[in-house]
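Participant: Can you read through this structure? Questions will come right after.
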Amino acid sequence: MYLDVQDLRNFYYRSMLGRAAQASVRSRLTEMWPDVSGETVAGFGFAAPLLRPYLRSARRVVALMPGPQGVMQWPAGQPNVSVLCEETSWPLETGHVDRLVVLHGLETSERPSNLLEECWRVLGPGGRAVFIVPNRAGLWARSDRTPFGFGRPYTLTQVENQLRAHRFDIVKHSGALYLPPSHKRFWLKSARVFEQAGQHLPAILAGGVFMVEVCKQSFPQSGNQVRDSKQNPIRVLEGLSNPLPKPAWRQSEG
């Protein structure tokens, strides 16, 4: 079940808690990917708030938003790069994406397996993706006042196993959103302290979300090529191309 794009926009752009969440996750993402110069970067779900740092350096940035969620123009004041698409059929060529960010996409999808297949399709060889999902043991997954309280939360083992089952290689994982999901000013003012402290904790302990980075590895076929040869070919039509000599009794008649 996807949230409405208006609710997502209001949370991330018009609430202090949403802006704090955006800053927390985006800072972790830019630590993973500090440089995407000349690369194609795509986001699915509602990944637009995380893609802004890459607008200048990337060769191309595309924000894919699923039909049940709806789409909004993004970025504001610049040429639009957001696209409304089918959940499992994206308007991107196979193997042309270098970096992919999935936020509010996997946990809300009704067909997560098909969605992961589409992620695999658009990534090029060696391409990388970051899947951001709610931590089942975290506070954010238990609060329906934020987008992370909707859909299916994951344990770290669950999301990594699901990604491995779809041929992704796990590169690393980290956590984000260590501040409580509260709109109170005290907690919001302490957001930076919580995030800095959370960087020294295992992701499974207190992080509101898991950020799992994966890589698409495409290995060429190895070994010696073997061609099957027919030992006993059918000889039904052989006489048409190689006619047999006349029998002796017919030669005598001639």
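Chain labels A, B, ... are given in the sequence in which chains occur in the structure tokens; within each chain residues are numbered consecutively from 1, and ligands are likewise numbered from 1 in the order shown.
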Check the DSSP output for the backbone and give back, as a list in words, the residues of range 71-175 of chain A in alpha helix (DSSP H).
Facilitator: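 Everything in range 71-175 of chain A that counts as alpha helix (DSSP H) is Pro112, Ser113, Asn114, Leu115, Leu116, Glu117, Glu118, Cys119, Trp120, Arg121, Val122, Leu156, Thr157, Gln158, Val159, Glu160, Asn161, Gln162, Leu163, Arg164 and Ala165 of chain A.
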Participant: Got a sec: who's within 7 Å of range 41-51 of chain A, counting only C-alpha atoms, leaving out chain neighbours fewer than 2 positions off, as a PyMOL selection string?
Facilitator: chain A and resi 22+26+39+53-55+58+60-66+97-105
Participant: Taking only C-alpha atoms into account, which of A:His96, A:Pro75, A:Tyr12, A:Val81 comes nearest Ser24 in chain A?
Facilitator: A:Tyr12
Participant: Give the answer as one residue: which of A:Arg14, A:Pro112, A:Leu29, A:Ser143 has the shortest atom-to-atom distance to Lys172 in chain A, using only C-alpha atoms?
Facilitator: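 For Lys172 in chain A, the nearest of the given residues is A:Leu29.
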Participant: For a test of reading the model, state the distance in Å between CA of Gln162 in chain A and CA of Val83 in chain A, rounded to one decimal.
Facilitator: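 For CA of Gln162 in chain A relative to CA of Val83 in chain A, the distance reads 26.6 Å.
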Participant: Can you tell me which residues surround Val212 in chain A at a distance of at most 7 Å, considering only C-alpha atoms, apart from same-chain residues fewer than 5 positions away, and format the answer as a PyMOL selection string?
Facilitator: chain A and resi 130-132+172-174
Participant: Could you save those same residues with N, CA, C and O atoms as a PDB file, in the first residue's frame?
Facilitator:
```
ATOM      1  N   VAL A 130      20.872   1.346  -3.278  1.00  0.00           N
ATOM      2  CA  VAL A 130      20.666   1.436  -1.839  1.00  0.00           C
ATOM      3  C   VAL A 130      19.172   1.289  -1.563  1.00  0.00           C
ATOM      4  O   VAL A 130      18.360   2.060  -2.092  1.00  0.00           O
ATOM      5  N   PHE A 131      18.827   0.290  -0.771  1.00  0.00           N
ATOM      6  CA  PHE A 131      17.444   0.055  -0.372  1.00  0.00           C
ATOM      7  C   PHE A 131      17.279   0.543   1.066  1.00  0.00           C
ATOM      8  O   PHE A 131      18.002   0.104   1.963  1.00  0.00           O
ATOM      9  N   ILE A 132      16.322   1.439   1.273  1.00  0.00           N
ATOM     10  CA  ILE A 132      16.077   2.034   2.588  1.00  0.00           C
ATOM     11  C   ILE A 132      14.721   1.547   3.075  1.00  0.00           C
ATOM     12  O   ILE A 132      13.686   1.831   2.463  1.00  0.00           O
ATOM     13  N   LYS A 172      27.415  -3.272   1.843  1.00  0.00           N
ATOM     14  CA  LYS A 172      27.465  -2.827   3.234  1.00  0.00           C
ATOM     15  C   LYS A 172      26.067  -2.459   3.686  1.00  0.00           C
ATOM     16  O   LYS A 172      25.137  -2.346   2.873  1.00  0.00           O
ATOM     17  N   HIS A 173      25.914  -2.281   4.984  1.00  0.00           N
ATOM     18  CA  HIS A 173      24.650  -1.790   5.527  1.00  0.00           C
ATOM     19  C   HIS A 173      24.952  -0.804   6.645  1.00  0.00           C
ATOM     20  O   HIS A 173      26.018  -0.851   7.261  1.00  0.00           O
ATOM     21  N   SER A 174      24.020   0.082   6.870  1.00  0.00           N
ATOM     22  CA  SER A 174      24.141   1.055   7.955  1.00  0.00           C
ATOM     23  C   SER A 174      22.753   1.428   8.419  1.00  0.00           C
ATOM     24  O   SER A 174      21.743   1.027   7.818  1.00  0.00           O
TER      25      SER A 174
END
```
Participant: Based on the backbone DSSP call, show me all residues of range 92-210 of chain A assigned strand (DSSP E or B), as a ChimeraX atom specification.
Facilitator: /A:97-103,123-135,154,168-176,209-210
Participant: Could you tell me how far CA of Leu115 in chain A lies from CA of Trp33 in chain A, in Å and to one decimal?
Facilitator: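 Atom-to-atom, CA of Leu115 in chain A to CA of Trp33 in chain A, that is 22.9 Å.
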Participant: With distances taken over only C-alpha atoms, which of A:Arg142, A:Lys184, A:Arg152, A:Lys216 is nearest to Ile170 in chain A?
Facilitator: A:Lys216
Participant: Please identify all polymer residues within 7 Å of Leu17 in chain A, counting only C-alpha atoms, omitting same-chain residues fewer than 2 positions from it, and present them as a PyMOL selection string.
Facilitator: chain A and resi 15+19-21+183+188
Participant: Between A:Thr30, A:Leu3, A:Asn114, A:Val25, which residue has the minimum interatomic distance to Asp144 in chain A, considering only C-alpha atoms?
Facilitator: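 Once distances to Asp144 in chain A are computed over only C-alpha atoms, the minimum belongs to A:Leu3.
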Participant: Give the answer as one residue: which of A:Gln158, A:Gln6, A:Ser57, A:Ser89 has the shortest atom-to-atom distance to Phe210 in chain A, using only C-alpha atoms?
Facilitator: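 Going through A:Gln158, A:Gln6, A:Ser57, A:Ser89 one by one, the smallest distance to Phe210 in chain A is for A:Gln158.
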